[in-house]
Every structure is written in C-alpha cells, then in structure tokens.
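Working notes, structure below.
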Amino acid sequence: MQKLLLPVLLIAPLAAQAGTDDSWEFKITPYLWAIGIDGITGPKGHEADIDMSFSDIFDKLDGAFIVSMEASKGAWTGWIDYTSMSLAHKAVADRVVVKAALDQKVTDMAVGYRLEGMETIELYAGGRFVDVNTVIKAEGQGPGGNVGKVSIGDDWIDPIVGVRGTWPLSEKWNIRANADIGGFGVGSDFAWQAAVAANYQFSERVSFLLAYRYLDMDYDDNGFVFDVVTSGPILGVSFSF
C-alpha cells in the first residue's frame, strides 16, 4: 500500500493572555511530529517489545492524522486533540507471508482555567480516550493458504489533570510548557505527558514553534498490555483567529 502522510494538525498548548477582552479566540497549528515508540504491548504474558525510531515508523507508515481545536474566552480555554496513526509491516519466512498492522488513536479533551493573579499559569482537567488495535495475519504462499490471524487490542479512558504556561523571553519569542498526569487505575494504571515549545511570533496571527512532546501510558487490563512511550520533536506553524 502506498505510504500516505496527511498534514498533521495540532493546537499547541498556549496559555490564555491576560486582558479584559472576553471575545472568543481560536487557534490551529499544522505540524509534523517526528514520533518514536518504545515499550511493550500485546496479550498479557506474551507481550512484544517495541523500539521504533521516527525513520523506522515512517518507513512502515500507512497513514497519520492529528487534528486539534482550541477555543478560549476570558479565563477559560477548551480544546480537543485527535491523534491517529496506522503502521503496516510485511515479512516472508519459510514460504509464509506475515503481515502486521498497528492502529493507535488518542483523543485528548480538556478545559483549562487561568488563575487570577497568575496570568502565565493555567490549570486544566479532562479525559484521554485511547483505542489500540493490533492485527497479525499469516498467509501461506503455497496450497496451504491462510495459516492464521490474530487480533488483539483494547480501548479505555484516562482522567487527566495538568498545568500549562507561557513565559515571554522578548517581544517575538516565548517559551511554553505543559504537563499532566492521568489514569489513576480508571483506565491506565498511570499515564503522564509533558511538552515544551519555543515559539516565534511572526505576525499578529501567525507564529512558528519548535517543541518536544513525551507521552507515557501504562495500561494492563482485559488480557491486553500497553506500556508504551510515544515521543519526539515537533515543528509547526500556528494560526490565530
């Protein structure tokens, strides 16, 4: 299948700026996330190690799509981030073709509130919906036909709480960071995420960012294990309206 990398959209974590204007503000940021994956996943007791750099993932990428939307008014901000990635790999051994596919979808939904007297800091809470599915199919090259097919995965929701902020360095530059924890045994046993970005304000409505994002999820339930870190640098451009 021809590899397809769709334009990836993200709303970078931006703390709302202080002011008396209560009109709605929206932000959208197309970006490329150079993802690497490290951890274990699979049926409990038969987990497989995953250690893939961005170049490994790009070589096996079937598709990737992330879209996030953020709206803010006054001290309140709400956002939704949707991430979808599909990997496919094929190998031939002993006259058998083995095809493996991994689908991973993550949706973050949160509402943040800017603390009075601390205009650079915002607390947020929400949920993260995760849907992971792995399919392994073996096909005989001879008269034997199909050898077998295994499908394993699960979906769950993690409550999350976090903090994010923006610290200006100059008229054009600022540093932004966010961190959250979640799971608490409701979905994952524990999950945490952190990101830091350097942002350059090109114009009133356009800015560029260079960031690094790290997401760690440790899930073990329903006979399925997903203890995986997804991380890597981000390069993007942000539009405000």
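How things are named: the first chain in the structure tokens is A, the next is B, and so on; residues count from 1 in each chain; ligands count from 1 in the order shown.
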
So which bits of region 14-230 of chain A end up strand (DSSP E) when you DSSP the backbone, as a compact mmCIF listing (two decimals) with N, CA and C atoms, in the first residue's frame?
```
# COMPACT_ATOMS: atom_id res chain seq x y z
N GLU A 25 -11.54 33.43 21.03
CA GLU A 25 -10.30 33.31 20.27
C GLU A 25 -10.08 31.83 19.93
N PHE A 26 -9.57 31.58 18.72
CA PHE A 26 -9.35 30.22 18.26
C PHE A 26 -7.92 30.10 17.73
N LYS A 27 -7.35 28.90 17.87
CA LYS A 27 -6.00 28.63 17.37
C LYS A 27 -5.96 27.26 16.70
N ILE A 28 -5.18 27.17 15.64
CA ILE A 28 -4.96 25.90 14.95
C ILE A 28 -3.52 25.87 14.44
N THR A 29 -2.85 24.71 14.59
CA THR A 29 -1.44 24.60 14.26
C THR A 29 -1.15 23.35 13.44
N PRO A 30 -0.92 23.47 12.13
CA PRO A 30 -0.42 22.32 11.37
C PRO A 30 1.01 22.01 11.83
N TYR A 31 1.34 20.72 12.04
CA TYR A 31 2.69 20.40 12.49
C TYR A 31 3.09 19.00 12.06
N LEU A 32 4.36 18.75 12.13
CA LEU A 32 4.91 17.41 11.93
C LEU A 32 5.51 16.94 13.23
N TRP A 33 5.05 15.79 13.72
CA TRP A 33 5.58 15.19 14.95
C TRP A 33 6.44 14.00 14.55
N GLY A 36 8.71 8.68 17.86
CA GLY A 36 9.39 7.43 18.16
C GLY A 36 8.57 6.66 19.19
N ILE A 37 8.61 5.33 19.16
CA ILE A 37 7.82 4.49 20.07
C ILE A 37 8.75 3.51 20.77
N ASP A 38 8.56 3.36 22.10
CA ASP A 38 9.37 2.42 22.87
C ASP A 38 8.51 1.83 23.98
N GLY A 39 8.50 0.50 24.12
CA GLY A 39 7.73 -0.14 25.19
C GLY A 39 7.37 -1.56 24.85
N ILE A 40 6.32 -2.07 25.51
CA ILE A 40 5.83 -3.42 25.25
C ILE A 40 4.32 -3.38 25.07
N THR A 41 3.80 -4.28 24.23
CA THR A 41 2.37 -4.39 24.03
C THR A 41 2.03 -5.78 23.52
N GLY A 42 0.78 -6.17 23.71
CA GLY A 42 0.32 -7.46 23.24
C GLY A 42 -0.49 -8.18 24.29
N PRO A 43 -0.84 -9.46 24.03
CA PRO A 43 -1.58 -10.25 25.02
C PRO A 43 -0.76 -10.40 26.30
N ALA A 48 5.15 -8.15 23.28
CA ALA A 48 6.25 -7.96 22.35
C ALA A 48 6.89 -6.60 22.60
N ASP A 49 8.22 -6.55 22.51
CA ASP A 49 8.94 -5.29 22.65
C ASP A 49 8.77 -4.44 21.40
N ILE A 50 8.59 -3.13 21.61
CA ILE A 50 8.52 -2.18 20.52
C ILE A 50 9.60 -1.14 20.74
N ASP A 51 10.48 -0.97 19.76
CA ASP A 51 11.52 0.05 19.83
C ASP A 51 11.72 0.57 18.41
N MET A 52 10.99 1.64 18.08
CA MET A 52 10.99 2.15 16.71
C MET A 52 11.29 3.64 16.71
N LEU A 61 4.83 3.50 7.72
CA LEU A 61 3.62 4.27 7.97
C LEU A 61 2.60 4.10 6.85
N ASP A 62 1.39 3.71 7.22
CA ASP A 62 0.28 3.67 6.27
C ASP A 62 -0.46 5.01 6.26
N GLY A 63 -0.57 5.64 7.41
CA GLY A 63 -1.26 6.92 7.48
C GLY A 63 -1.14 7.53 8.86
N ALA A 64 -1.20 8.86 8.91
CA ALA A 64 -1.17 9.56 10.19
C ALA A 64 -2.02 10.81 10.06
N PHE A 65 -2.82 11.07 11.10
CA PHE A 65 -3.68 12.25 11.07
C PHE A 65 -3.93 12.72 12.49
N ILE A 66 -3.66 13.99 12.74
CA ILE A 66 -3.94 14.58 14.05
C ILE A 66 -4.62 15.91 13.82
N VAL A 67 -5.70 16.15 14.52
CA VAL A 67 -6.37 17.44 14.43
C VAL A 67 -6.79 17.90 15.82
N SER A 68 -6.50 19.14 16.13
CA SER A 68 -6.86 19.71 17.41
C SER A 68 -7.52 21.06 17.20
N MET A 69 -8.47 21.37 18.08
CA MET A 69 -9.15 22.65 18.04
C MET A 69 -9.16 23.24 19.43
N GLU A 70 -8.89 24.52 19.53
CA GLU A 70 -8.88 25.21 20.82
C GLU A 70 -9.68 26.49 20.74
N ALA A 71 -10.48 26.73 21.76
CA ALA A 71 -11.27 27.96 21.85
C ALA A 71 -11.09 28.53 23.25
N SER A 72 -10.90 29.83 23.35
CA SER A 72 -10.73 30.46 24.65
C SER A 72 -11.57 31.73 24.73
N LYS A 73 -12.04 32.00 25.95
CA LYS A 73 -12.81 33.20 26.22
C LYS A 73 -12.59 33.59 27.68
N TRP A 76 -11.14 31.14 30.55
CA TRP A 76 -11.42 29.73 30.24
C TRP A 76 -10.91 29.35 28.85
N THR A 77 -10.44 28.11 28.74
CA THR A 77 -9.99 27.55 27.46
C THR A 77 -10.42 26.10 27.37
N GLY A 78 -10.88 25.68 26.19
CA GLY A 78 -11.22 24.28 25.96
C GLY A 78 -10.57 23.79 24.67
N TRP A 79 -10.18 22.53 24.64
CA TRP A 79 -9.55 22.00 23.43
C TRP A 79 -9.79 20.51 23.28
N ILE A 80 -9.68 20.07 22.03
CA ILE A 80 -9.77 18.65 21.66
C ILE A 80 -8.60 18.34 20.74
N ASP A 81 -7.83 17.31 21.06
CA ASP A 81 -6.73 16.83 20.21
C ASP A 81 -7.03 15.39 19.79
N TYR A 82 -7.03 15.13 18.50
CA TYR A 82 -7.25 13.77 18.00
C TYR A 82 -6.01 13.30 17.24
N THR A 83 -5.49 12.15 17.63
CA THR A 83 -4.29 11.58 17.02
C THR A 83 -4.59 10.19 16.49
N SER A 84 -4.25 9.93 15.24
CA SER A 84 -4.45 8.60 14.66
C SER A 84 -3.22 8.22 13.85
N MET A 85 -2.72 7.01 14.09
CA MET A 85 -1.53 6.53 13.38
C MET A 85 -1.72 5.07 13.03
N SER A 86 -1.40 4.71 11.80
CA SER A 86 -1.51 3.32 11.33
C SER A 86 -0.16 2.88 10.77
N LEU A 87 0.33 1.74 11.28
CA LEU A 87 1.59 1.17 10.81
C LEU A 87 1.32 -0.20 10.19
N ALA A 88 2.06 -0.52 9.14
CA ALA A 88 1.93 -1.82 8.49
C ALA A 88 3.31 -2.37 8.17
N HIS A 89 3.49 -3.69 8.38
CA HIS A 89 4.77 -4.33 8.13
C HIS A 89 4.53 -5.72 7.55
N LYS A 90 5.38 -6.09 6.59
CA LYS A 90 5.26 -7.41 5.97
C LYS A 90 6.62 -8.09 5.94
N ALA A 91 6.63 -9.40 6.29
CA ALA A 91 7.85 -10.19 6.25
C ALA A 91 7.54 -11.56 5.67
N VAL A 92 8.54 -12.18 5.04
CA VAL A 92 8.39 -13.51 4.43
C VAL A 92 9.40 -14.45 5.06
N ALA A 93 8.92 -15.60 5.55
CA ALA A 93 9.80 -16.61 6.14
C ALA A 93 9.17 -17.98 5.97
N VAL A 96 5.88 -18.44 4.19
CA VAL A 96 4.73 -17.82 4.83
C VAL A 96 4.92 -16.30 4.85
N VAL A 97 3.88 -15.60 4.43
CA VAL A 97 3.89 -14.14 4.46
C VAL A 97 3.20 -13.69 5.75
N VAL A 98 3.91 -12.93 6.57
CA VAL A 98 3.35 -12.42 7.82
C VAL A 98 3.12 -10.92 7.68
N LYS A 99 1.88 -10.49 7.88
CA LYS A 99 1.52 -9.08 7.81
C LYS A 99 1.06 -8.62 9.19
N ALA A 100 1.63 -7.52 9.66
CA ALA A 100 1.27 -6.97 10.96
C ALA A 100 0.81 -5.52 10.78
N ALA A 101 -0.27 -5.16 11.47
CA ALA A 101 -0.80 -3.80 11.41
C ALA A 101 -1.09 -3.30 12.81
N LEU A 102 -0.71 -2.06 13.10
CA LEU A 102 -0.96 -1.43 14.39
C LEU A 102 -1.71 -0.13 14.17
N ASP A 103 -2.87 -0.01 14.79
CA ASP A 103 -3.66 1.22 14.76
C ASP A 103 -3.69 1.82 16.16
N GLN A 104 -3.32 3.08 16.28
CA GLN A 104 -3.31 3.74 17.59
C GLN A 104 -4.02 5.09 17.45
N LYS A 105 -5.07 5.28 18.24
CA LYS A 105 -5.83 6.53 18.23
C LYS A 105 -5.89 7.09 19.66
N VAL A 106 -5.59 8.38 19.79
CA VAL A 106 -5.60 9.04 21.09
C VAL A 106 -6.35 10.36 20.95
N THR A 107 -7.35 10.58 21.80
CA THR A 107 -8.11 11.83 21.80
C THR A 107 -8.03 12.48 23.17
N ASP A 108 -7.47 13.68 23.23
CA ASP A 108 -7.42 14.45 24.47
C ASP A 108 -8.51 15.51 24.46
N MET A 109 -9.28 15.60 25.55
CA MET A 109 -10.29 16.64 25.71
C MET A 109 -10.09 17.27 27.08
N ALA A 110 -10.00 18.60 27.15
CA ALA A 110 -9.73 19.24 28.43
C ALA A 110 -10.28 20.65 28.46
N VAL A 111 -10.48 21.15 29.67
CA VAL A 111 -10.89 22.53 29.92
C VAL A 111 -9.89 23.12 30.91
N GLY A 112 -9.38 24.32 30.57
CA GLY A 112 -8.40 24.97 31.43
C GLY A 112 -8.92 26.29 31.97
N TYR A 113 -8.37 26.67 33.14
CA TYR A 113 -8.77 27.93 33.78
C TYR A 113 -7.51 28.69 34.19
N ARG A 114 -7.41 29.94 33.77
CA ARG A 114 -6.27 30.78 34.11
C ARG A 114 -6.47 31.38 35.49
N ILE A 121 -0.06 31.13 34.15
CA ILE A 121 -0.30 29.75 34.55
C ILE A 121 -1.78 29.39 34.39
N GLU A 122 -2.03 28.18 33.88
CA GLU A 122 -3.40 27.70 33.67
C GLU A 122 -3.49 26.25 34.16
N LEU A 123 -4.48 25.95 34.96
CA LEU A 123 -4.76 24.58 35.38
C LEU A 123 -5.80 23.97 34.45
N TYR A 124 -5.68 22.66 34.16
CA TYR A 124 -6.68 22.03 33.29
C TYR A 124 -7.00 20.62 33.76
N ALA A 125 -8.18 20.16 33.34
CA ALA A 125 -8.64 18.81 33.66
C ALA A 125 -9.48 18.31 32.49
N GLY A 126 -9.51 17.00 32.31
CA GLY A 126 -10.28 16.43 31.21
C GLY A 126 -10.10 14.93 31.13
N GLY A 127 -10.12 14.41 29.91
CA GLY A 127 -10.00 12.97 29.71
C GLY A 127 -9.23 12.65 28.44
N ARG A 128 -8.64 11.47 28.42
CA ARG A 128 -7.91 10.99 27.24
C ARG A 128 -8.50 9.63 26.84
N PHE A 129 -9.05 9.55 25.63
CA PHE A 129 -9.60 8.30 25.11
C PHE A 129 -8.55 7.63 24.22
N VAL A 130 -8.24 6.38 24.50
CA VAL A 130 -7.21 5.64 23.77
C VAL A 130 -7.83 4.39 23.15
N ASP A 131 -7.52 4.16 21.89
CA ASP A 131 -8.01 2.97 21.17
C ASP A 131 -6.83 2.37 20.42
N VAL A 132 -6.41 1.16 20.82
CA VAL A 132 -5.26 0.50 20.22
C VAL A 132 -5.69 -0.86 19.70
N ASN A 133 -5.27 -1.19 18.48
CA ASN A 133 -5.61 -2.49 17.90
C ASN A 133 -4.43 -3.01 17.08
N THR A 134 -4.08 -4.28 17.29
CA THR A 134 -3.00 -4.93 16.54
C THR A 134 -3.54 -6.17 15.85
N VAL A 135 -3.27 -6.29 14.56
CA VAL A 135 -3.70 -7.45 13.78
C VAL A 135 -2.48 -8.10 13.15
N ILE A 136 -2.30 -9.40 13.37
CA ILE A 136 -1.22 -10.17 12.77
C ILE A 136 -1.84 -11.28 11.93
N LYS A 137 -1.49 -11.31 10.65
CA LYS A 137 -2.07 -12.28 9.72
C LYS A 137 -0.96 -13.01 8.98
N ALA A 138 -1.03 -14.35 8.99
CA ALA A 138 -0.05 -15.17 8.29
C ALA A 138 -0.73 -15.88 7.13
N GLU A 139 -0.13 -15.78 5.94
CA GLU A 139 -0.69 -16.40 4.74
C GLU A 139 0.34 -17.31 4.10
N GLY A 140 -0.05 -18.56 3.83
CA GLY A 140 0.84 -19.48 3.16
C GLY A 140 1.00 -19.12 1.70
N ASN A 146 -4.25 -19.74 4.10
CA ASN A 146 -4.09 -18.98 5.34
C ASN A 146 -3.59 -19.86 6.47
N VAL A 147 -2.61 -19.34 7.20
CA VAL A 147 -2.08 -20.04 8.35
C VAL A 147 -2.80 -19.60 9.62
N GLY A 148 -3.11 -18.32 9.72
CA GLY A 148 -3.81 -17.83 10.90
C GLY A 148 -3.90 -16.33 10.95
N LYS A 149 -4.76 -15.85 11.84
CA LYS A 149 -4.96 -14.41 12.02
C LYS A 149 -5.28 -14.14 13.48
N VAL A 150 -4.58 -13.16 14.08
CA VAL A 150 -4.78 -12.80 15.47
C VAL A 150 -5.03 -11.30 15.55
N SER A 151 -6.06 -10.92 16.31
CA SER A 151 -6.36 -9.51 16.53
C SER A 151 -6.47 -9.27 18.04
N ILE A 152 -5.71 -8.29 18.54
CA ILE A 152 -5.71 -8.00 19.97
C ILE A 152 -5.64 -6.49 20.17
N GLY A 153 -6.35 -5.99 21.16
CA GLY A 153 -6.33 -4.56 21.45
C GLY A 153 -7.37 -4.23 22.50
N ASP A 154 -7.52 -2.93 22.78
CA ASP A 154 -8.49 -2.50 23.77
C ASP A 154 -8.67 -1.00 23.63
N ASP A 155 -9.69 -0.47 24.30
CA ASP A 155 -9.86 0.98 24.38
C ASP A 155 -10.20 1.35 25.81
N TRP A 156 -9.82 2.55 26.20
CA TRP A 156 -10.04 2.98 27.58
C TRP A 156 -10.02 4.51 27.66
N ILE A 157 -10.48 5.03 28.80
CA ILE A 157 -10.50 6.46 29.05
C ILE A 157 -9.70 6.75 30.31
N ASP A 158 -8.77 7.69 30.22
CA ASP A 158 -8.00 8.15 31.37
C ASP A 158 -8.44 9.55 31.77
N PRO A 159 -8.83 9.76 33.03
CA PRO A 159 -8.97 11.14 33.50
C PRO A 159 -7.59 11.77 33.58
N ILE A 160 -7.49 13.07 33.28
CA ILE A 160 -6.20 13.76 33.34
C ILE A 160 -6.35 15.10 34.06
N VAL A 161 -5.30 15.51 34.75
CA VAL A 161 -5.19 16.83 35.35
C VAL A 161 -3.80 17.35 35.05
N GLY A 162 -3.72 18.68 34.80
CA GLY A 162 -2.42 19.20 34.43
C GLY A 162 -2.32 20.70 34.59
N VAL A 163 -1.17 21.21 34.18
CA VAL A 163 -0.88 22.64 34.25
C VAL A 163 -0.11 23.02 32.99
N ARG A 164 -0.33 24.24 32.51
CA ARG A 164 0.42 24.73 31.37
C ARG A 164 0.65 26.23 31.52
N GLY A 165 1.68 26.74 30.84
CA GLY A 165 2.01 28.15 31.00
C GLY A 165 2.84 28.68 29.86
N THR A 166 2.93 30.00 29.80
CA THR A 166 3.71 30.70 28.78
C THR A 166 4.59 31.74 29.48
N TRP A 167 5.88 31.79 29.11
CA TRP A 167 6.81 32.74 29.69
C TRP A 167 7.50 33.52 28.57
N PRO A 168 7.22 34.82 28.43
CA PRO A 168 7.82 35.63 27.37
C PRO A 168 9.31 35.83 27.58
N TRP A 173 9.66 36.24 21.05
CA TRP A 173 9.88 34.86 21.49
C TRP A 173 9.23 34.59 22.85
N ASN A 174 8.73 33.36 23.00
CA ASN A 174 8.30 32.90 24.32
C ASN A 174 8.52 31.39 24.44
N ILE A 175 8.51 30.94 25.69
CA ILE A 175 8.62 29.51 25.99
C ILE A 175 7.29 29.04 26.55
N ARG A 176 6.78 27.92 26.04
CA ARG A 176 5.53 27.35 26.55
C ARG A 176 5.78 25.92 27.01
N ALA A 177 5.10 25.52 28.05
CA ALA A 177 5.25 24.15 28.57
C ALA A 177 3.95 23.68 29.17
N ASN A 178 3.72 22.38 29.12
CA ASN A 178 2.56 21.78 29.79
C ASN A 178 2.92 20.39 30.30
N ALA A 179 2.23 19.96 31.34
CA ALA A 179 2.43 18.61 31.89
C ALA A 179 1.13 18.15 32.52
N ASP A 180 0.83 16.86 32.37
CA ASP A 180 -0.36 16.31 33.02
C ASP A 180 -0.11 14.87 33.44
N ILE A 181 -0.91 14.41 34.39
CA ILE A 181 -0.90 13.02 34.82
C ILE A 181 -2.32 12.49 34.72
N GLY A 182 -2.45 11.16 34.62
CA GLY A 182 -3.79 10.61 34.47
C GLY A 182 -3.82 9.11 34.68
N PHE A 190 -1.30 4.17 35.16
CA PHE A 190 -0.79 5.53 35.30
C PHE A 190 -0.36 6.01 33.91
N ALA A 191 -0.55 7.30 33.66
CA ALA A 191 -0.13 7.91 32.41
C ALA A 191 0.34 9.33 32.70
N TRP A 192 1.33 9.79 31.94
CA TRP A 192 1.75 11.18 32.08
C TRP A 192 2.27 11.72 30.76
N GLN A 193 2.18 13.02 30.62
CA GLN A 193 2.56 13.69 29.39
C GLN A 193 3.25 15.01 29.72
N ALA A 194 4.25 15.38 28.93
CA ALA A 194 4.92 16.66 29.09
C ALA A 194 5.35 17.17 27.72
N ALA A 195 5.34 18.49 27.56
CA ALA A 195 5.77 19.10 26.32
C ALA A 195 6.35 20.47 26.62
N VAL A 196 7.35 20.87 25.83
CA VAL A 196 7.93 22.20 25.95
C VAL A 196 8.16 22.72 24.53
N ALA A 197 7.90 24.03 24.33
CA ALA A 197 7.98 24.60 22.99
C ALA A 197 8.61 25.99 23.04
N ALA A 198 9.43 26.28 22.03
CA ALA A 198 9.91 27.63 21.79
C ALA A 198 9.07 28.20 20.65
N ASN A 199 8.48 29.37 20.87
CA ASN A 199 7.54 29.95 19.92
C ASN A 199 8.04 31.31 19.42
N TYR A 200 7.99 31.49 18.10
CA TYR A 200 8.38 32.76 17.50
C TYR A 200 7.16 33.41 16.86
N GLN A 201 6.79 34.61 17.31
CA GLN A 201 5.61 35.32 16.80
C GLN A 201 5.99 36.05 15.52
N VAL A 206 0.17 34.74 13.13
CA VAL A 206 0.97 33.59 12.69
C VAL A 206 2.22 33.48 13.56
N SER A 207 2.50 32.27 14.04
CA SER A 207 3.71 32.01 14.80
C SER A 207 4.26 30.65 14.43
N PHE A 208 5.56 30.46 14.67
CA PHE A 208 6.24 29.20 14.41
C PHE A 208 6.70 28.59 15.73
N LEU A 209 6.72 27.27 15.79
CA LEU A 209 7.15 26.63 17.03
C LEU A 209 8.04 25.43 16.77
N LEU A 210 8.95 25.22 17.70
CA LEU A 210 9.77 24.02 17.75
C LEU A 210 9.58 23.44 19.14
N ALA A 211 9.11 22.19 19.21
CA ALA A 211 8.71 21.63 20.50
C ALA A 211 9.19 20.19 20.64
N TYR A 212 9.03 19.67 21.86
CA TYR A 212 9.27 18.25 22.14
C TYR A 212 8.13 17.74 23.02
N ARG A 213 7.55 16.60 22.65
CA ARG A 213 6.40 16.06 23.38
C ARG A 213 6.69 14.62 23.79
N TYR A 214 6.28 14.27 25.01
CA TYR A 214 6.53 12.94 25.58
C TYR A 214 5.24 12.44 26.22
N LEU A 215 4.76 11.27 25.78
CA LEU A 215 3.53 10.68 26.31
C LEU A 215 3.80 9.24 26.73
N ASP A 216 3.56 8.94 28.01
CA ASP A 216 3.83 7.62 28.58
C ASP A 216 2.52 7.06 29.12
N MET A 217 2.10 5.89 28.62
CA MET A 217 0.87 5.23 29.08
C MET A 217 1.19 3.80 29.50
N ASP A 218 0.70 3.42 30.69
CA ASP A 218 0.92 2.08 31.24
C ASP A 218 -0.46 1.46 31.51
N TYR A 219 -0.91 0.63 30.56
CA TYR A 219 -2.25 0.01 30.64
C TYR A 219 -2.12 -1.50 30.70
N ASP A 220 -2.90 -2.12 31.60
CA ASP A 220 -2.88 -3.58 31.75
C ASP A 220 -4.26 -4.01 32.22
N ASP A 221 -5.10 -4.46 31.27
CA ASP A 221 -6.47 -4.87 31.62
C ASP A 221 -7.04 -5.70 30.48
N PHE A 224 -4.85 -7.46 27.96
CA PHE A 224 -4.07 -6.69 27.00
C PHE A 224 -3.14 -5.75 27.75
N VAL A 225 -1.88 -5.68 27.30
CA VAL A 225 -0.87 -4.83 27.91
C VAL A 225 -0.42 -3.78 26.90
N PHE A 226 -0.38 -2.52 27.34
CA PHE A 226 0.12 -1.43 26.50
C PHE A 226 0.92 -0.50 27.40
N ASP A 227 2.21 -0.77 27.51
CA ASP A 227 3.12 0.03 28.33
C ASP A 227 4.11 0.67 27.37
N VAL A 228 3.74 1.83 26.84
CA VAL A 228 4.43 2.41 25.68
C VAL A 228 4.67 3.90 25.87
N VAL A 229 5.84 4.35 25.44
CA VAL A 229 6.19 5.76 25.39
C VAL A 229 6.18 6.22 23.93
N THR A 230 5.44 7.29 23.65
CA THR A 230 5.44 7.93 22.34
C THR A 230 6.04 9.32 22.50
```

Query raised in the report: Do you have the CA of Gly117 (chain A)-CA of Arg205 (chain A) distance handy?
Result: 25.9 Å

Query raised in the report: How far is it from CA of Asn222 (chain A) to CA of Phe54 (chain A), in Å with one decimal?
Result: 29.8 Å
